[in-house]
Amino acid sequence: MADIPEQIVLKRDRDLDGRAWEIWVRRGLFTLLPIVALLGLLNVFGQRPSTTTADATGAASLKLFAPSRVRGGLIYQARFHVTAQRDLKHATLVLSPGWLEGMTLNTVEPSPVSEASNNGRLSLDLGHIPSGASHLLFLQFQTNPTNVGHRDASVTLKDGAQTLLHVHRTITIFP
């Protein structure tokens, strides 16, 4: 049998004499790992989309289907469903800066008629939507890993210069 090194004291290092409480600290810290995984499964850290609906009586309605919590690096989709209750000659979706701040916009389908900056907000011109018709717009994003915090992810639907409705929502980005 090999000799015990000088720095090792068997009572302290092998038998944990006077240090028995430390095993519970290690066990407690190890228990945190499956708890974090369970919280992820319960959607605490985001990704599961939810629907937000707004209605401008007699003009149009908007359904937004997108997650309100995302993690860094996550690829996700936002779906905008505009239903016209009257003719919308120049339907435009105006997205607050939080939609693009620290995000990569991968694709927009179908492509809007035009894109512009509306006082620092992304403006997507959907064109004419006849009464009773719908327009679906899909945007795919990727969250940049360094983007952490709360952002304003509001949406405004306009017909020309007239504001029809506004959906206020926020997005929370986890590391």
# chains A, B, ... in the order shown; residues from 1 in each chain; ligands from 1
call {"tool": "select_by_dssp", "arguments": {"residues": "region 81-115 of chain A", "states": "strand (DSSP E or B)", "output": "NGL selection string"}}
result
:A and (81-84 or 88-95 or 103-109 or 114-115)
call {"tool": "select_by_dssp", "arguments": {"residues": "chain A", "states": "helix (DSSP H, G or I)", "output": "ChimeraX atom specification"}}
result
/A:10-13,22-41,97-99
call {"tool": "residues_around", "arguments": {"residues": "region 42-50 of chain A", "least_positions_apart": "2", "cutoff": "6 Å", "atoms": "only C-alpha atoms", "output": "VMD selection string"}}
result
chain A and resid 39 to 40 65 to 67 69 to 70
call {"tool": "closest_residue", "arguments": {"among": "A:Trp21, A:Leu139, A:Thr52, A:Ser111", "to": "His168 (chain A)", "atoms": "only C-alpha atoms"}}
result
A:Thr52
call {"tool": "closest_residue", "arguments": {"among": "A:Thr83, A:Thr31, A:Ser68, A:Gln77", "to": "Leu136 (chain A)", "atoms": "only C-alpha atoms"}}
result
A:Thr83
call {"tool": "closest_atom_pairs", "arguments": {"of": "region 101-124 of chain A", "to": "region 143-165 of chain A", "cutoff": "12 Å", "atoms": "only C-alpha atoms", "output": "JSON lines"}}
result
{"residue": "A:Glu101", "atom": "CA", "partner": "A:Arg151", "partner_atom": "CA", "distance": 8.0}
{"residue": "A:Gly102", "atom": "CA", "partner": "A:Asn147", "partner_atom": "CA", "distance": 5.2}
{"residue": "A:Met103", "atom": "CA", "partner": "A:Thr143", "partner_atom": "CA", "distance": 4.7}
{"residue": "A:Thr104", "atom": "CA", "partner": "A:Thr143", "partner_atom": "CA", "distance": 6.4}
{"residue": "A:Leu105", "atom": "CA", "partner": "A:Thr143", "partner_atom": "CA", "distance": 9.0}
{"residue": "A:Asn106", "atom": "CA", "partner": "A:Thr143", "partner_atom": "CA", "distance": 10.4}
{"residue": "A:Asn118", "atom": "CA", "partner": "A:Thr156", "partner_atom": "CA", "distance": 11.2}
{"residue": "A:Arg121", "atom": "CA", "partner": "A:Val155", "partner_atom": "CA", "distance": 9.7}
{"residue": "A:Leu122", "atom": "CA", "partner": "A:Val155", "partner_atom": "CA", "distance": 9.7}
{"residue": "A:Ser123", "atom": "CA", "partner": "A:Thr156", "partner_atom": "CA", "distance": 9.3}
{"residue": "A:Leu124", "atom": "CA", "partner": "A:Leu157", "partner_atom": "CA", "distance": 9.8}
call {"tool": "write_last_selection", "arguments": {"atoms": "all heavy atoms", "output": "PDB file, in the first residue's frame"}}
result
ATOM      1  N   GLU A 101     -34.263  45.116 -32.426  1.00  0.00           N
ATOM      2  CA  GLU A 101     -33.134  45.446 -31.573  1.00  0.00           C
ATOM      3  C   GLU A 101     -32.517  44.173 -30.988  1.00  0.00           C
ATOM      4  O   GLU A 101     -33.143  43.463 -30.211  1.00  0.00           O
ATOM      5  CB  GLU A 101     -33.593  46.370 -30.443  1.00  0.00           C
ATOM      6  CG  GLU A 101     -32.474  46.872 -29.575  1.00  0.00           C
ATOM      7  CD  GLU A 101     -32.988  47.814 -28.507  1.00  0.00           C
ATOM      8  OE1 GLU A 101     -34.022  48.463 -28.710  1.00  0.00           O
ATOM      9  OE2 GLU A 101     -32.347  47.876 -27.459  1.00  0.00           O
ATOM     10  N   GLY A 102     -31.298  43.870 -31.390  1.00  0.00           N
ATOM     11  CA  GLY A 102     -30.632  42.668 -30.923  1.00  0.00           C
ATOM     12  C   GLY A 102     -31.187  41.397 -31.532  1.00  0.00           C
ATOM     13  O   GLY A 102     -30.963  40.312 -31.024  1.00  0.00           O
ATOM     14  N   MET A 103     -31.924  41.526 -32.617  1.00  0.00           N
ATOM     15  CA  MET A 103     -32.498  40.373 -33.315  1.00  0.00           C
ATOM     16  C   MET A 103     -31.998  40.389 -34.761  1.00  0.00           C
ATOM     17  O   MET A 103     -31.701  41.438 -35.311  1.00  0.00           O
ATOM     18  CB  MET A 103     -34.029  40.454 -33.352  1.00  0.00           C
ATOM     19  CG  MET A 103     -34.700  40.611 -32.039  1.00  0.00           C
ATOM     20  SD  MET A 103     -34.793  39.042 -31.218  1.00  0.00           S
ATOM     21  CE  MET A 103     -35.799  39.492 -29.821  1.00  0.00           C
ATOM     22  N   THR A 104     -31.946  39.222 -35.346  1.00  0.00           N
ATOM     23  CA  THR A 104     -31.641  39.103 -36.764  1.00  0.00           C
ATOM     24  C   THR A 104     -32.927  38.691 -37.467  1.00  0.00           C
ATOM     25  O   THR A 104     -33.520  37.677 -37.122  1.00  0.00           O
ATOM     26  CB  THR A 104     -30.549  38.042 -36.994  1.00  0.00           C
ATOM     27  OG1 THR A 104     -29.382  38.409 -36.269  1.00  0.00           O
ATOM     28  CG2 THR A 104     -30.214  37.921 -38.471  1.00  0.00           C
ATOM     29  N   LEU A 105     -33.373  39.506 -38.400  1.00  0.00           N
ATOM     30  CA  LEU A 105     -34.561  39.185 -39.191  1.00  0.00           C
ATOM     31  C   LEU A 105     -34.108  38.321 -40.358  1.00  0.00           C
ATOM     32  O   LEU A 105     -33.416  38.782 -41.258  1.00  0.00           O
ATOM     33  CB  LEU A 105     -35.246  40.458 -39.686  1.00  0.00           C
ATOM     34  CG  LEU A 105     -36.490  40.285 -40.541  1.00  0.00           C
ATOM     35  CD1 LEU A 105     -37.567  39.524 -39.781  1.00  0.00           C
ATOM     36  CD2 LEU A 105     -37.020  41.633 -40.986  1.00  0.00           C
ATOM     37  N   ASN A 106     -34.468  37.043 -40.315  1.00  0.00           N
ATOM     38  CA  ASN A 106     -34.004  36.103 -41.343  1.00  0.00           C
ATOM     39  C   ASN A 106     -34.824  36.190 -42.625  1.00  0.00           C
ATOM     40  O   ASN A 106     -34.268  36.167 -43.711  1.00  0.00           O
ATOM     41  CB  ASN A 106     -34.027  34.672 -40.813  1.00  0.00           C
ATOM     42  CG  ASN A 106     -32.997  34.461 -39.727  1.00  0.00           C
ATOM     43  OD1 ASN A 106     -31.968  35.116 -39.711  1.00  0.00           O
ATOM     44  ND2 ASN A 106     -33.269  33.561 -38.818  1.00  0.00           N
ATOM     45  N   ASN A 118     -40.370  54.279 -40.162  1.00  0.00           N
ATOM     46  CA  ASN A 118     -41.424  55.200 -39.760  1.00  0.00           C
ATOM     47  C   ASN A 118     -41.045  55.747 -38.391  1.00  0.00           C
ATOM     48  O   ASN A 118     -41.390  55.174 -37.373  1.00  0.00           O
ATOM     49  CB  ASN A 118     -42.760  54.464 -39.716  1.00  0.00           C
ATOM     50  CG  ASN A 118     -43.922  55.348 -39.342  1.00  0.00           C
ATOM     51  OD1 ASN A 118     -43.738  56.397 -38.722  1.00  0.00           O
ATOM     52  ND2 ASN A 118     -45.117  54.930 -39.698  1.00  0.00           N
ATOM     53  N   ARG A 121     -39.229  53.157 -36.538  1.00  0.00           N
ATOM     54  CA  ARG A 121     -39.928  51.868 -36.465  1.00  0.00           C
ATOM     55  C   ARG A 121     -39.992  51.262 -37.859  1.00  0.00           C
ATOM     56  O   ARG A 121     -40.070  51.986 -38.847  1.00  0.00           O
ATOM     57  CB  ARG A 121     -41.327  52.062 -35.890  1.00  0.00           C
ATOM     58  CG  ARG A 121     -41.301  52.635 -34.471  1.00  0.00           C
ATOM     59  CD  ARG A 121     -42.665  52.985 -34.002  1.00  0.00           C
ATOM     60  NE  ARG A 121     -43.253  53.937 -34.967  1.00  0.00           N
ATOM     61  CZ  ARG A 121     -44.384  54.574 -34.780  1.00  0.00           C
ATOM     62  NH1 ARG A 121     -45.083  54.368 -33.689  1.00  0.00           N
ATOM     63  NH2 ARG A 121     -44.857  55.402 -35.675  1.00  0.00           N
ATOM     64  N   LEU A 122     -39.995  49.937 -37.916  1.00  0.00           N
ATOM     65  CA  LEU A 122     -40.065  49.243 -39.195  1.00  0.00           C
ATOM     66  C   LEU A 122     -41.502  49.298 -39.715  1.00  0.00           C
ATOM     67  O   LEU A 122     -42.434  48.902 -39.032  1.00  0.00           O
ATOM     68  CB  LEU A 122     -39.627  47.782 -39.040  1.00  0.00           C
ATOM     69  CG  LEU A 122     -39.710  46.909 -40.287  1.00  0.00           C
ATOM     70  CD1 LEU A 122     -38.779  47.441 -41.378  1.00  0.00           C
ATOM     71  CD2 LEU A 122     -39.362  45.472 -39.947  1.00  0.00           C
ATOM     72  N   SER A 123     -41.669  49.793 -40.926  1.00  0.00           N
ATOM     73  CA  SER A 123     -42.981  49.933 -41.539  1.00  0.00           C
ATOM     74  C   SER A 123     -43.062  48.990 -42.735  1.00  0.00           C
ATOM     75  O   SER A 123     -42.255  49.076 -43.663  1.00  0.00           O
ATOM     76  CB  SER A 123     -43.182  51.384 -41.990  1.00  0.00           C
ATOM     77  OG  SER A 123     -44.422  51.553 -42.608  1.00  0.00           O
ATOM     78  N   LEU A 124     -44.022  48.058 -42.688  1.00  0.00           N
ATOM     79  CA  LEU A 124     -44.203  47.071 -43.756  1.00  0.00           C
ATOM     80  C   LEU A 124     -45.523  47.354 -44.465  1.00  0.00           C
ATOM     81  O   LEU A 124     -46.599  47.213 -43.887  1.00  0.00           O
ATOM     82  CB  LEU A 124     -44.215  45.656 -43.174  1.00  0.00           C
ATOM     83  CG  LEU A 124     -42.985  45.257 -42.367  1.00  0.00           C
ATOM     84  CD1 LEU A 124     -43.215  43.934 -41.654  1.00  0.00           C
ATOM     85  CD2 LEU A 124     -41.766  45.181 -43.260  1.00  0.00           C
TER      86      LEU A 124
END
call {"tool": "atom_distance", "arguments": {"atom1": "CA of Val108 (chain A)", "atom2": "CA of Gln140 (chain A)"}}
result
6.7 Å
call {"tool": "closest_residue", "arguments": {"among": "A:Leu93, A:Ala116, A:Ala2, A:Ala84", "to": "Leu137 (chain A)", "atoms": "only C-alpha atoms"}}
result
A:Leu93
call {"tool": "residues_around", "arguments": {"residues": "region 132-134 of chain A", "least_positions_apart": "3", "cutoff": "7 Å", "atoms": "only C-alpha atoms", "output": "short mmCIF file (atom, residue, chain, number, x, y, z; two decimals) with N, CA and C atoms, in the first residue's frame"}}
result
data_model
loop_
_atom_site.label_atom_id
_atom_site.label_comp_id
_atom_site.auth_asym_id
_atom_site.auth_seq_id
_atom_site.Cartn_x
_atom_site.Cartn_y
_atom_site.Cartn_z
N HIS A 81 -51.77 38.16 -38.67
CA HIS A 81 -52.95 37.82 -39.47
C HIS A 81 -53.90 39.03 -39.44
N VAL A 82 -53.94 39.74 -40.54
CA VAL A 82 -54.78 40.93 -40.66
C VAL A 82 -56.05 40.54 -41.42
N THR A 83 -57.21 40.81 -40.84
CA THR A 83 -58.50 40.55 -41.49
C THR A 83 -59.21 41.88 -41.68
N ALA A 84 -59.51 42.20 -42.93
CA ALA A 84 -60.16 43.48 -43.24
C ALA A 84 -61.67 43.34 -43.13
N GLN A 85 -62.31 44.26 -42.40
CA GLN A 85 -63.76 44.29 -42.31
C GLN A 85 -64.33 45.34 -43.27
N ARG A 86 -63.45 46.18 -43.79
CA ARG A 86 -63.76 47.12 -44.85
C ARG A 86 -62.53 47.20 -45.74
N ILE A 129 -56.01 45.44 -49.05
CA ILE A 129 -56.68 44.24 -48.54
C ILE A 129 -58.17 44.49 -48.68
#
call {"tool": "atom_distance", "arguments": {"atom1": "CA of Val113 (chain A)", "atom2": "CA of Val94 (chain A)"}}
result
13.5 Å
call {"tool": "atom_distance", "arguments": {"atom1": "CA of His166 (chain A)", "atom2": "CA of Gly120 (chain A)"}}
result
16.6 Å
